[in-house]
Amino acid sequence: MNKKIIVLVSIIAILTLANTAGIFVLLYRQDKNRVEQENKQTAFQEELNQNLSESFISLQAYLMDSFAEQHTLLKRTNSIAQEKKNAQAEQSAVISKDMSEGLLLMAKKEYAQAKVIFDKVCALQPYNNEAKFYSIYALFLQNKIKQSNYKLITDTFSSLRGAGYNRKEMEEVENFIKVELDSIAR
């Protein structure tokens, strides 16, 4: 009986060892699978990080280029605006000088020369009603009885009034023209 117990205990020991070995093999395989999964996950994470890093660097380079282009465009726009502002300032100075010169010529009764100056101002500033007025007024004063100018004069005065510009000289000229035309009609 002793032998049977020893054999039975030996079989139980062998089975226990086999079972324990099986458990160790199973645990080893599970651990190996877990390590492989972690390695795959780590590799995936590293690849993802690398791709994100490269994408970020590309995006950063693109943005820097875009900002540089935008800065260049902004500088050019500012430069153009400054050039335009300078040109307008120069033009205003020229117009102011020409208006003064034209008024001086009007005072000297040099109407033909004054008209040329005021026409120049009108070419630079088509909406300068004062220059338009003096140009037509100088035309009238050059030769008050030249009937071929009457329609242009009255039409221009009408246009100036429509733009809100009015002077007493306009009414005086129109009255003169009316009297002239009435005397011719008789």
# chains A, B, ... in the order shown; residues from 1 in each chain; ligands from 1

call {"tool": "residues_around", "arguments": {"residues": "segment 133-150 of chain A", "least_positions_apart": "6", "cutoff": "9 Å", "atoms": "only C-alpha atoms", "output": "PyMOL selection string"}}
result
chain A and resi 102-103+106+109-119+122+156-157+160+165+167+169-170+173-174+176-177+180-181

call {"tool": "atom_distance", "arguments": {"atom1": "atom CA of Ser159 of chain A", "atom2": "atom CA of Ile95 of chain A"}}
result
21.7 Å

call {"tool": "closest_residue", "arguments": {"among": "A:Gly22, A:Lys132, A:Asn175, A:Ile11", "to": "Leu152 of chain A", "atoms": "only C-alpha atoms"}}
result
A:Lys132
